[in-house]
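Heads up, structure-v6.cif below (mmCIF, C-alpha atoms):
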```
data_data
#
loop_
_atom_site.label_atom_id
_atom_site.label_comp_id
_atom_site.auth_asym_id
_atom_site.auth_seq_id
_atom_site.Cartn_x
_atom_site.Cartn_y
_atom_site.Cartn_z
CA MET R 724 0.00 0.00 0.00
CA GLU R 725 1.22 3.49 -0.83
CA GLU R 726 2.65 5.37 2.14
CA LYS R 727 0.14 7.77 3.72
CA ARG R 728 1.51 10.92 5.30
CA VAL R 729 0.06 12.87 8.19
CA THR R 730 -1.52 16.06 6.83
CA TRP R 731 -0.92 19.57 8.10
CA ALA R 732 -4.60 19.79 9.03
CA GLU R 733 -4.20 16.79 11.36
CA LEU R 734 -1.15 18.36 13.02
CA TYR R 735 -3.04 21.62 13.53
CA PHE R 736 -5.97 19.62 14.91
CA ASP R 737 -3.59 18.09 17.49
CA LEU R 738 -2.92 21.53 18.97
CA VAL R 739 -6.46 21.53 20.37
CA PHE R 740 -5.66 18.33 22.22
CA VAL R 741 -2.49 19.81 23.68
CA PHE R 742 -4.84 22.16 25.51
CA ALA R 743 -7.30 19.36 26.29
CA VAL R 744 -4.57 17.21 27.89
CA THR R 745 -3.55 20.19 30.02
CA GLN R 746 -7.15 20.57 31.19
CA VAL R 747 -7.42 16.88 32.05
CA SER R 748 -4.18 17.24 34.02
CA GLN R 749 -5.64 20.14 35.96
CA LEU R 750 -8.73 18.09 36.74
CA LEU R 751 -6.51 15.36 38.17
CA HIS R 752 -4.27 17.89 39.92
CA HIS R 753 -7.14 19.22 42.04
CA HIS R 754 -8.52 15.79 42.94
CA HIS R 755 -6.00 12.95 42.76
CA ASP R 756 -7.57 10.47 45.13
CA TRP R 757 -9.21 7.32 43.72
CA ALA R 758 -12.52 9.08 43.11
CA GLY R 759 -10.83 12.04 41.43
CA ALA R 760 -8.73 9.77 39.22
CA GLY R 761 -11.88 7.91 38.18
CA ARG R 762 -13.68 11.14 37.26
CA ALA R 763 -10.65 12.38 35.32
CA LEU R 764 -10.56 9.09 33.38
CA ILE R 765 -14.29 9.26 32.61
CA ALA R 766 -13.81 12.79 31.26
CA PHE R 767 -10.64 11.89 29.35
CA VAL R 768 -12.14 8.96 27.42
CA PRO R 769 -14.53 11.14 25.31
CA VAL R 770 -11.69 13.57 24.60
CA TYR R 771 -9.43 10.70 23.55
CA TRP R 772 -12.15 8.96 21.56
CA CYS R 773 -12.96 12.15 19.67
CA TRP R 774 -9.29 12.30 18.62
CA VAL R 775 -9.28 8.58 17.75
CA GLY R 776 -12.39 8.91 15.58
CA THR R 777 -10.86 11.79 13.64
CA THR R 778 -7.56 9.96 13.22
CA VAL R 779 -9.13 6.73 11.98
CA GLN R 780 -11.33 8.46 9.40
CA ALA R 781 -8.26 10.38 8.19
CA ASN R 782 -6.45 7.05 7.84
CA ILE R 783 -9.01 5.34 5.64
CA ARG R 784 -9.76 8.33 3.41
CA ASP R 785 -8.01 11.15 1.59
CA VAL R 786 -8.67 14.15 3.83
CA ASP R 787 -6.24 16.57 2.20
CA ASN R 788 -9.01 18.63 0.59
CA ALA R 789 -11.06 21.68 1.54
CA ARG R 790 -14.21 19.81 2.60
CA ASP R 791 -12.42 17.42 4.95
CA ARG R 792 -10.11 20.07 6.35
CA ILE R 793 -13.19 22.06 7.38
CA GLY R 794 -14.64 18.89 8.90
CA ILE R 795 -11.45 18.24 10.89
CA PHE R 796 -11.43 21.84 12.11
CA ALA R 797 -15.11 21.54 13.11
CA VAL R 798 -14.27 18.47 15.21
CA GLY R 799 -11.37 20.48 16.63
CA LEU R 800 -13.80 23.21 17.68
CA GLY R 801 -15.85 20.57 19.49
CA GLY R 802 -12.65 19.39 21.19
CA LEU R 803 -11.83 22.97 22.17
CA PHE R 804 -15.28 23.40 23.76
CA MET R 805 -14.79 20.10 25.60
CA ALA R 806 -11.43 21.32 26.90
CA LEU R 807 -12.97 24.60 28.06
CA ALA R 808 -15.67 22.65 29.87
CA LEU R 809 -13.31 20.24 31.65
CA PRO R 810 -12.55 22.40 34.75
CA GLY R 811 -16.30 22.49 35.50
CA ALA R 812 -17.30 19.25 33.81
CA TYR R 813 -18.67 17.91 37.09
CA GLY R 814 -20.17 21.27 37.94
CA GLY R 815 -21.88 23.90 35.83
CA ARG R 816 -20.20 23.03 32.52
CA GLY R 817 -21.43 19.47 32.17
CA VAL R 818 -23.94 20.40 29.45
CA LEU R 819 -21.23 22.17 27.42
CA PHE R 820 -18.97 19.11 27.71
CA GLY R 821 -21.70 16.70 26.58
CA ALA R 822 -23.03 18.93 23.81
CA ALA R 823 -19.55 19.57 22.40
CA TYR R 824 -18.80 15.86 22.26
CA TRP R 825 -22.11 15.05 20.59
CA ALA R 826 -21.57 17.80 18.02
CA ALA R 827 -18.08 16.47 17.24
CA ARG R 828 -19.43 12.94 16.75
CA LEU R 829 -22.17 14.21 14.45
CA VAL R 830 -19.58 16.00 12.34
CA LEU R 831 -17.49 12.81 12.14
CA LEU R 832 -20.54 10.82 11.07
CA GLY R 833 -21.32 13.46 8.43
CA MET R 834 -17.80 13.22 7.05
CA LEU R 835 -18.26 9.46 6.54
CA ILE R 836 -21.94 9.46 5.59
CA ARG R 837 -21.20 8.31 2.05
CA LEU R 838 -19.60 5.08 3.28
CA ARG R 839 -21.95 2.13 3.26
CA GLY R 840 -23.07 0.93 6.70
CA VAL R 841 -21.39 3.74 8.63
CA TRP R 842 -24.51 4.10 10.79
CA ASN R 843 -24.10 0.51 12.02
CA GLY R 844 -20.65 0.95 13.47
CA PRO R 845 -18.54 2.92 15.98
CA TYR R 846 -19.33 6.26 14.33
CA GLY R 847 -23.05 5.55 14.55
CA VAL R 848 -22.70 4.60 18.22
CA GLY R 849 -20.91 7.88 18.94
CA ALA R 850 -23.49 10.01 17.14
CA LEU R 851 -26.66 8.17 18.15
CA VAL R 852 -25.91 6.69 21.58
CA SER R 853 -22.87 7.91 23.50
CA GLY R 854 -23.21 11.54 22.38
CA PRO R 855 -26.80 11.86 23.65
CA LEU R 856 -25.79 10.03 26.86
CA LEU R 857 -23.05 12.58 27.54
CA LEU R 858 -25.47 15.46 26.99
CA ALA R 859 -28.08 13.82 29.23
CA GLY R 860 -25.43 13.25 31.90
CA GLY R 861 -24.54 16.93 31.80
CA LEU R 862 -28.12 17.75 32.77
CA LEU R 863 -27.99 15.53 35.87
CA GLU R 864 -26.28 15.85 39.22
CA SER R 865 -23.66 13.55 40.71
CA PRO R 866 -23.55 10.52 40.92
CA TRP R 867 -25.95 10.12 37.95
CA ARG R 868 -23.72 12.24 35.75
CA GLU R 869 -20.72 10.00 36.40
CA ALA R 870 -22.85 6.91 35.81
CA LEU R 871 -24.15 8.08 32.42
CA TRP R 872 -20.76 9.35 31.29
CA ALA R 873 -19.06 6.12 32.33
CA THR R 874 -21.69 4.16 30.39
CA ALA R 875 -21.11 6.32 27.31
CA ALA R 876 -17.34 5.81 27.62
CA LEU R 877 -17.74 2.03 27.85
CA LEU R 878 -20.04 1.99 24.83
CA ASP R 879 -17.55 3.99 22.78
CA LEU R 880 -14.64 1.77 23.81
CA SER R 881 -16.56 -1.45 23.16
CA ALA R 882 -17.94 -0.40 19.75
CA PRO R 883 -14.86 -1.51 17.73
CA LEU R 884 -15.10 -4.91 19.40
CA LEU R 885 -18.85 -5.25 18.88
CA PHE R 886 -18.58 -4.31 15.20
CA ARG R 887 -15.29 -6.09 14.48
CA ARG R 888 -16.78 -8.17 11.64
CA ARG R 889 -18.08 -5.09 9.88
CA LEU R 890 -14.72 -3.35 10.34
CA ALA R 891 -12.87 -6.29 8.77
CA ALA R 892 -13.50 -4.81 5.31
CA VAL R 893 -11.86 -1.47 6.18
CA ASP R 894 -8.53 -0.93 4.41
CA TYR R 895 -6.19 0.69 6.96
CA HIS R 896 -2.93 2.38 6.02
CA PRO R 897 -0.30 0.69 8.23
CA GLY R 898 2.14 3.58 8.60
CA HIS R 899 -0.24 6.45 9.30
CA LEU R 900 -1.87 5.21 12.52
CA PRO R 901 1.35 4.33 14.39
CA GLU R 902 2.66 7.80 13.57
CA ARG R 903 -0.55 9.50 14.72
CA PHE R 904 -0.75 7.65 18.03
CA GLY R 905 2.94 8.26 18.60
CA LEU R 906 2.28 11.96 18.13
CA PHE R 907 -0.51 11.92 20.72
CA LEU R 908 1.79 10.24 23.21
CA LEU R 909 4.30 13.00 22.47
CA VAL R 910 1.60 15.53 23.38
CA ALA R 911 1.20 13.79 26.75
CA LEU R 912 4.99 13.80 27.26
CA GLY R 913 4.92 17.52 26.50
CA GLU R 914 2.51 17.89 29.41
CA SER R 915 5.18 16.30 31.64
CA ILE R 916 7.54 19.14 30.68
CA VAL R 917 4.85 21.65 31.67
CA GLY R 918 4.42 19.75 34.95
CA ILE R 919 8.15 20.00 35.59
CA GLY R 920 8.73 23.65 34.75
CA GLY R 921 5.41 25.30 35.55
CA PRO R 922 5.44 25.00 39.37
CA VAL R 923 8.96 26.44 39.78
CA ALA R 924 9.12 29.03 36.98
CA GLY R 925 8.03 31.85 39.28
CA SER R 926 10.04 30.80 42.35
CA ASP R 927 13.57 31.71 43.48
CA LEU R 928 14.95 28.47 41.98
CA HIS R 929 17.23 27.28 44.79
CA GLY R 930 19.60 24.38 44.29
CA ALA R 931 17.31 21.60 45.49
CA GLN R 932 14.59 22.72 43.07
CA LEU R 933 17.04 22.66 40.18
CA VAL R 934 18.08 19.13 41.11
CA SER R 935 14.43 18.04 41.32
CA VAL R 936 13.76 19.59 37.89
CA ALA R 937 16.75 17.73 36.44
CA LEU R 938 15.64 14.40 37.95
CA ALA R 939 12.07 14.84 36.72
CA PHE R 940 13.34 15.66 33.23
CA VAL R 941 15.50 12.53 33.26
CA ILE R 942 12.38 10.50 34.12
CA SER R 943 10.46 12.14 31.27
CA CYS R 944 13.33 11.34 28.88
CA ALA R 945 13.30 7.73 30.10
CA LEU R 946 9.56 7.50 29.40
CA TRP R 947 10.23 8.83 25.90
CA TRP R 948 13.03 6.32 25.32
CA LEU R 949 10.94 3.35 26.42
CA TYR R 950 8.43 4.08 23.66
CA TYR R 951 10.37 5.67 20.82
CA GLY R 952 13.59 3.70 21.30
CA PHE R 953 12.13 0.34 20.27
CA ALA R 954 8.37 0.05 20.83
CA ALA R 955 7.25 2.54 18.17
CA ASP R 956 9.01 0.66 15.36
CA ALA R 957 7.79 -2.69 16.72
CA MET R 958 4.21 -1.42 16.69
CA ARG R 959 4.48 -0.26 13.10
CA TYR R 960 6.00 -3.61 12.11
CA ALA R 961 3.17 -5.45 13.88
CA VAL R 962 0.52 -3.51 11.97
CA GLU R 963 2.28 -4.01 8.63
CA THR R 964 2.58 -7.78 9.11
CA ALA R 965 -0.64 -8.50 11.03
CA GLY R 966 -3.10 -11.01 9.64
CA SER R 967 -5.87 -8.71 10.86
CA ARG R 968 -4.92 -5.04 10.90
CA ARG R 969 -8.34 -4.25 12.34
CA ASP R 970 -7.67 -6.28 15.49
CA MET R 971 -4.09 -5.07 15.85
CA ILE R 972 -5.14 -1.43 15.59
CA ARG R 973 -7.97 -1.91 18.07
CA ARG R 974 -5.89 -3.76 20.66
CA VAL R 975 -2.55 -1.99 20.44
CA PHE R 976 -3.51 1.55 19.47
CA GLN R 977 -7.11 2.33 20.37
CA TYR R 978 -6.96 0.47 23.72
CA GLY R 979 -3.26 0.14 24.52
CA HIS R 980 -2.49 3.81 23.94
CA LEU R 981 -5.34 4.90 26.19
CA ALA R 982 -3.39 3.31 29.05
CA LEU R 983 -0.03 4.65 27.82
CA ILE R 984 -1.26 8.22 27.40
CA GLY R 985 -3.28 8.18 30.62
CA SER R 986 -0.28 6.94 32.61
CA VAL R 987 1.96 9.70 31.22
CA ILE R 988 -0.65 12.31 32.19
CA ALA R 989 -0.65 10.86 35.72
CA VAL R 990 3.15 11.14 35.92
CA ALA R 991 2.99 14.72 34.58
CA VAL R 992 0.57 15.70 37.36
CA GLY R 993 2.87 13.95 39.86
CA PHE R 994 5.75 16.14 38.68
CA GLY R 995 3.65 19.24 39.26
CA GLU R 996 3.03 18.13 42.86
CA THR R 997 6.69 17.33 43.51
CA VAL R 998 9.37 19.60 42.02
CA ALA R 999 8.40 22.84 43.80
CA GLU R 1000 8.99 21.42 47.31
CA PRO R 1001 11.82 18.89 47.00
CA HIS R 1002 12.39 18.59 50.76
CA ALA R 1003 8.74 17.84 51.61
CA ALA R 1004 7.49 14.29 52.02
CA LEU R 1005 5.07 13.20 49.34
CA GLY R 1006 1.64 11.90 50.21
CA ALA R 1007 0.30 8.60 48.97
CA GLY R 1008 -1.77 10.35 46.29
CA THR R 1009 1.19 12.09 44.68
CA LEU R 1010 3.36 8.99 44.89
CA GLY R 1011 0.51 7.04 43.35
CA LEU R 1012 0.61 9.38 40.37
CA LEU R 1013 4.40 9.21 40.01
CA TYR R 1014 5.12 5.58 40.80
CA GLY R 1015 1.71 4.15 39.94
CA GLY R 1016 1.61 6.06 36.65
CA SER R 1017 5.11 4.84 35.75
CA ALA R 1018 4.20 1.26 36.68
CA LEU R 1019 1.06 1.40 34.53
CA TYR R 1020 3.16 2.76 31.66
CA LEU R 1021 5.52 -0.21 31.91
CA LEU R 1022 2.73 -2.76 32.31
CA SER R 1023 1.01 -1.38 29.21
CA PHE R 1024 4.01 -2.43 27.14
CA SER R 1025 3.60 -6.03 28.24
CA TYR R 1026 -0.02 -5.86 27.15
CA THR R 1027 0.86 -4.39 23.74
CA ARG R 1028 3.75 -6.84 23.24
CA TRP R 1029 1.46 -9.75 24.03
CA MET R 1030 -1.12 -8.46 21.55
CA MET R 1031 1.56 -8.02 18.88
CA PHE R 1032 3.80 -11.06 19.30
CA GLY R 1033 2.27 -13.28 21.99
CA LYS R 1034 5.13 -12.45 24.39
CA LEU R 1035 5.44 -10.44 27.58
CA SER R 1036 8.15 -7.90 28.38
CA PRO R 1037 9.93 -9.42 31.41
CA THR R 1038 12.28 -6.50 32.05
CA ARG R 1039 9.41 -4.02 32.15
CA LEU R 1040 7.26 -6.33 34.25
CA VAL R 1041 10.04 -6.62 36.84
CA ALA R 1042 10.59 -2.85 36.82
CA ALA R 1043 6.85 -2.22 37.28
CA GLY R 1044 6.82 -4.64 40.22
CA ALA R 1045 9.81 -2.86 41.76
CA LEU R 1046 8.00 0.47 41.50
CA LEU R 1047 4.94 -0.90 43.26
CA VAL R 1048 7.18 -2.25 46.05
CA LEU R 1049 8.98 1.09 46.39
CA LEU R 1050 5.77 3.11 46.50
CA PRO R 1051 4.84 2.53 50.16
CA LEU R 1052 8.52 2.72 51.22
CA THR R 1053 8.95 6.27 49.92
CA VAL R 1054 5.80 7.85 51.37
CA ARG R 1055 7.68 9.59 54.19
CA LEU R 1056 10.87 10.33 52.28
CA PRO R 1057 11.64 13.76 50.77
CA ALA R 1058 10.38 14.34 47.25
CA LEU R 1059 13.96 14.63 46.01
CA VAL R 1060 14.71 11.09 47.17
CA ALA R 1061 11.53 9.73 45.59
CA LEU R 1062 12.38 11.39 42.28
CA GLY R 1063 15.94 10.13 42.47
CA ALA R 1064 14.89 6.53 43.08
CA LEU R 1065 12.41 6.65 40.20
CA ALA R 1066 15.01 8.20 37.87
CA VAL R 1067 17.60 5.53 38.73
CA LEU R 1068 15.17 2.70 38.09
CA MET R 1069 13.85 4.08 34.80
CA VAL R 1070 17.31 4.93 33.44
CA GLY R 1071 18.64 1.55 34.58
CA LEU R 1072 15.80 -0.17 32.73
CA ASN R 1073 16.60 1.68 29.52
CA VAL R 1074 20.33 0.93 29.82
CA TRP R 1075 19.68 -2.78 30.41
CA GLU R 1076 17.28 -3.05 27.49
CA ASN R 1077 19.73 -1.31 25.16
CA VAL R 1078 22.49 -3.68 26.27
CA ARG R 1079 20.26 -6.68 25.64
CA VAL R 1080 19.36 -5.45 22.15
CA ALA R 1081 23.00 -4.73 21.32
CA ARG R 1082 23.98 -8.25 22.41
CA ALA R 1083 21.18 -9.76 20.35
CA VAL R 1084 22.27 -7.81 17.28
CA SER R 1085 25.93 -8.80 17.69
CA ALA R 1086 24.86 -12.41 18.08
CA GLY R 1087 22.89 -12.20 14.84
CA VAL R 1088 19.51 -12.73 16.51
#
```

Would you mind writing the file's structure down as structure tokens?
Amino acid sequence: MEEKRVTWAELYFDLVFVFAVTQVSQLLHHHHDWAGAGRALIAFVPVYWCWVGTTVQANIRDVDNARDRIGIFAVGLGGLFMALALPGAYGGRGVLFGAAYWAARLVLLGMLIRLRGVWNGPYGVGALVSGPLLLAGGLLESPWREALWATAALLDLSAPLLFRRRLAAVDYHPGHLPERFGLFLLVALGESIVGIGGPVAGSDLHGAQLVSVALAFVISCALWWLYYGFAADAMRYAVETAGSRRDMIRRVFQYGHLALIGSVIAVAVGFGETVAEPHAALGAGTLGLLYGGSALYLLSFSYTRWMMFGKLSPTRLVAAGALLVLLPLTVRLPALVALGALAVLMVGLNVWENVRVARAVSAGV
């Protein structure tokens, strides 16, 4: 199949979701207990799924024309309204959040309306079921709002599985989707840089803060390396060689990257809670974001590797287990120590994996 390139309209569209990821981070920043994390996830899924829907339709069609550019920008406007609503999504802006999502899904359905059977598929579910559910949830108070929004999120996420036979006929471009999802993960990693620099930019910047900034940046670099060093190319290879691209895309990208991107957002919020006061002990909530988010990031790679090649990632599984063991041990330690321990483990993991790959290459494996 001819190589499909990401269009400039898609890259411009992504800028909306830079803002949206920041708003999700702020939602988690203000409430990062279990209940707050659950509400942030429920709000993030529609944002993520709106991006996924736009990306998939751009993959299967030629969108580098005036009509489709306007359609992509219209979905972007819906995403912008969703982002504006996120700070008050569980307050007075619930209707705006639900209405913006529904409008974006209707635009996406309209862009694909000429395709046969599009109503009986994920785009139809978004426009006819989950969109109205989000709007209805915005009209209700808690806990009914959370219940309806969680139901809508589950329906959206399950639609590719429910309609997998119908989607078998879709002709996906194998190079475009890995690049697009890699770019969204890069947006989330960009949020980690904001989480590192934002809290200390207006302070006096004493030595301990500079050290904490450096350690947090090393962790962010390690997260980048774990994905773009080897995994990104492996994912593209898996899509190109898969017997069923539909299933590979659904499992590895639509589902797997939800966990990868969500975990990076959690780590980014953890940075924001940590670098400004390096001598203070971190609470369980902040450590849960830092260590728990990093552990989820590592565990997600074992899931994606199993989906791609039927194998786990033992080095990343062991590292994730070590993080979960360290989490309760660092609750009363200064933030600087917690960051240092996390940086050592993540860098050590990257070094060991690079050594293993180099040995395999020299051995001709």

Close residues, Ala961 (chain R) itself excluded, 10 Å, only C-alpha atoms, min 3 positions apart in chain, as a ChimeraX atom specification: /R:897,901,955-958,964-966,968,971-972,975,1028,1030-1032

Residues within 7 Å of (7.5, 12.8, 31.9), file coords, all atoms listed in the file, listed as JSON, numbers by chain: {"R": [912, 915, 916, 939, 940, 942, 943, 944, 946, 987, 990, 991]}

Residue selection dump (C-alpha atoms) as a compact mmCIF listing (two decimals), in the coordinates of the input:
```txt
# COMPACT_ATOMS: atom_id res chain seq x y z
CA LEU R 912 4.99 13.80 27.26
CA SER R 915 5.18 16.30 31.64
CA ILE R 916 7.54 19.14 30.68
CA ALA R 939 12.07 14.84 36.72
CA PHE R 940 13.34 15.66 33.23
CA ILE R 942 12.38 10.50 34.12
CA SER R 943 10.46 12.14 31.27
CA CYS R 944 13.33 11.34 28.88
CA LEU R 946 9.56 7.50 29.40
CA VAL R 987 1.96 9.70 31.22
CA VAL R 990 3.15 11.14 35.92
CA ALA R 991 2.99 14.72 34.58
```

Explicit residues for the PyMOL selection byres ((chain R and resi 866-873) around 8) (as a ChimeraX atom specification): /R:762,765-766,813,856-857,859-865,874-877

Hits from the PyMOL selection byres ((chain R and resi 805) around 9), listed as number ranges by chain: R: 743, 769-770, 800-804, 806-809, 812, 819-824

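Considering the residues R:Leu1010, R:Ala827, R:Leu933, R:Ala1066 and counting all atoms listed in the file, Val775 (chain R) has its shortest atom-to-atom contact with R:Ala827.
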
Spatial neighbours of Gly1006 (chain R), max dist 9 Å, only C-alpha atoms, sep filter under 3 positions, as a PyMOL selection string: chain R and resi 1009-1011+1054-1055

For Ala911 (chain R), the nearest of the candidates R:Val992, R:Ala732, R:Ala1043, R:Ala1086, counting all atoms listed in the file: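 Selected residue with least distance to Ala911 (chain R): R:Val992.
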
Point-to-point distance from CA of Glu1000 (chain R) to CA of Gly918 (chain R), Å rounded to tenths: 13.3 Å

Given only C-alpha atoms as the counted atoms, nearest of R:Ala1004, R:Val768, R:Glu733, R:Gly761 to Asp791 (chain R): R:Glu733

Please evaluate the PyMOL selection byres ((chain R and resi 884-886) around 12) against the structure above and give the resulting residues as a PDB file with C-alpha atoms, keeping the file's coordinate frame.
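The file below, selection_32.pdb, is the result:
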```pdb
ATOM      1  CA  GLY R 840     -23.070   0.930   6.700  1.00  0.00           C
ATOM      2  CA  VAL R 841     -21.390   3.740   8.630  1.00  0.00           C
ATOM      3  CA  TRP R 842     -24.510   4.100  10.790  1.00  0.00           C
ATOM      4  CA  ASN R 843     -24.100   0.510  12.020  1.00  0.00           C
ATOM      5  CA  GLY R 844     -20.650   0.950  13.470  1.00  0.00           C
ATOM      6  CA  PRO R 845     -18.540   2.920  15.980  1.00  0.00           C
ATOM      7  CA  TYR R 846     -19.330   6.260  14.330  1.00  0.00           C
ATOM      8  CA  GLY R 847     -23.050   5.550  14.550  1.00  0.00           C
ATOM      9  CA  VAL R 848     -22.700   4.600  18.220  1.00  0.00           C
ATOM     10  CA  LEU R 877     -17.740   2.030  27.850  1.00  0.00           C
ATOM     11  CA  LEU R 878     -20.040   1.990  24.830  1.00  0.00           C
ATOM     12  CA  ASP R 879     -17.550   3.990  22.780  1.00  0.00           C
ATOM     13  CA  LEU R 880     -14.640   1.770  23.810  1.00  0.00           C
ATOM     14  CA  SER R 881     -16.560  -1.450  23.160  1.00  0.00           C
ATOM     15  CA  ALA R 882     -17.940  -0.400  19.750  1.00  0.00           C
ATOM     16  CA  PRO R 883     -14.860  -1.510  17.730  1.00  0.00           C
ATOM     17  CA  ARG R 887     -15.290  -6.090  14.480  1.00  0.00           C
ATOM     18  CA  ARG R 888     -16.780  -8.170  11.640  1.00  0.00           C
ATOM     19  CA  ARG R 889     -18.080  -5.090   9.880  1.00  0.00           C
ATOM     20  CA  LEU R 890     -14.720  -3.350  10.340  1.00  0.00           C
ATOM     21  CA  ALA R 891     -12.870  -6.290   8.770  1.00  0.00           C
ATOM     22  CA  ALA R 892     -13.500  -4.810   5.310  1.00  0.00           C
ATOM     23  CA  VAL R 893     -11.860  -1.470   6.180  1.00  0.00           C
ATOM     24  CA  ARG R 969      -8.340  -4.250  12.340  1.00  0.00           C
ATOM     25  CA  ASP R 970      -7.670  -6.280  15.490  1.00  0.00           C
ATOM     26  CA  MET R 971      -4.090  -5.070  15.850  1.00  0.00           C
ATOM     27  CA  ILE R 972      -5.140  -1.430  15.590  1.00  0.00           C
ATOM     28  CA  ARG R 973      -7.970  -1.910  18.070  1.00  0.00           C
ATOM     29  CA  ARG R 974      -5.890  -3.760  20.660  1.00  0.00           C
ATOM     30  CA  GLN R 977      -7.110   2.330  20.370  1.00  0.00           C
ATOM     31  CA  TYR R 978      -6.960   0.470  23.720  1.00  0.00           C
TER      32      TYR R 978
END
```

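Take CA of Ile988 (chain R) and CA of Tyr951 (chain R): the distance between them is 17.2 Å.
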
Atomic distance CA of Val779 (chain R) - CA of Ser1036 (chain R), expressed in Å with one decimal: 28.0 Å

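By only C-alpha atoms, and with residues fewer than 2 positions from region 982-986 of chain R along its chain excluded, the set lying at most 9 Å from it is R:Leu764, R:Phe767, R:Phe907, R:Leu908, R:Leu909, R:Val910, R:Ala911, R:Leu912, R:Tyr978, R:Gly979, R:His980, R:Ile988, R:Ala989, R:Val990, R:Ala991, R:Leu1012, R:Gly1015, R:Gly1016, R:Ser1017, R:Ala1018, R:Leu1019, R:Tyr1020, R:Leu1021, R:Ser1023, R:Phe1024.
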
Export of prior selection with C-alpha atoms as a PDB file, in the frame of the given file:
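Okay, this is what ended up in result.pdb:
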```pdb
ATOM      1  CA  LEU R 764     -10.560   9.090  33.380  1.00  0.00           C
ATOM      2  CA  PHE R 767     -10.640  11.890  29.350  1.00  0.00           C
ATOM      3  CA  PHE R 907      -0.510  11.920  20.720  1.00  0.00           C
ATOM      4  CA  LEU R 908       1.790  10.240  23.210  1.00  0.00           C
ATOM      5  CA  LEU R 909       4.300  13.000  22.470  1.00  0.00           C
ATOM      6  CA  VAL R 910       1.600  15.530  23.380  1.00  0.00           C
ATOM      7  CA  ALA R 911       1.200  13.790  26.750  1.00  0.00           C
ATOM      8  CA  LEU R 912       4.990  13.800  27.260  1.00  0.00           C
ATOM      9  CA  TYR R 978      -6.960   0.470  23.720  1.00  0.00           C
ATOM     10  CA  GLY R 979      -3.260   0.140  24.520  1.00  0.00           C
ATOM     11  CA  HIS R 980      -2.490   3.810  23.940  1.00  0.00           C
ATOM     12  CA  ILE R 988      -0.650  12.310  32.190  1.00  0.00           C
ATOM     13  CA  ALA R 989      -0.650  10.860  35.720  1.00  0.00           C
ATOM     14  CA  VAL R 990       3.150  11.140  35.920  1.00  0.00           C
ATOM     15  CA  ALA R 991       2.990  14.720  34.580  1.00  0.00           C
ATOM     16  CA  LEU R1012       0.610   9.380  40.370  1.00  0.00           C
ATOM     17  CA  GLY R1015       1.710   4.150  39.940  1.00  0.00           C
ATOM     18  CA  GLY R1016       1.610   6.060  36.650  1.00  0.00           C
ATOM     19  CA  SER R1017       5.110   4.840  35.750  1.00  0.00           C
ATOM     20  CA  ALA R1018       4.200   1.260  36.680  1.00  0.00           C
ATOM     21  CA  LEU R1019       1.060   1.400  34.530  1.00  0.00           C
ATOM     22  CA  TYR R1020       3.160   2.760  31.660  1.00  0.00           C
ATOM     23  CA  LEU R1021       5.520  -0.210  31.910  1.00  0.00           C
ATOM     24  CA  SER R1023       1.010  -1.380  29.210  1.00  0.00           C
ATOM     25  CA  PHE R1024       4.010  -2.430  27.140  1.00  0.00           C
TER      26      PHE R1024
END
```

Padding 4 Å on every side, please: axis-aligned box over the listed atoms of region 941-952 of chain R, centre and edge lengths to one decimal in Å, as JSON.
```
{"center_x": 12.0, "center_y": 7.9, "center_z": 27.5, "size_x": 15.1, "size_y": 17.2, "size_z": 21.3}
```

Near-Gln749 (chain R) list (10 Å; all atoms listed in the file; drop same-chain fewer than 4 positions) as a PyMOL selection string: chain R and resi 743-745+753-755+763+809-810+992+995

Proximity to Phe742 (chain R) - best of R:Gly913, R:Gly833, R:Pro1037, R:Gly854, all atoms listed in the file: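 Looking only at the distances to Phe742 (chain R), the closest residue turns out to be R:Gly913.
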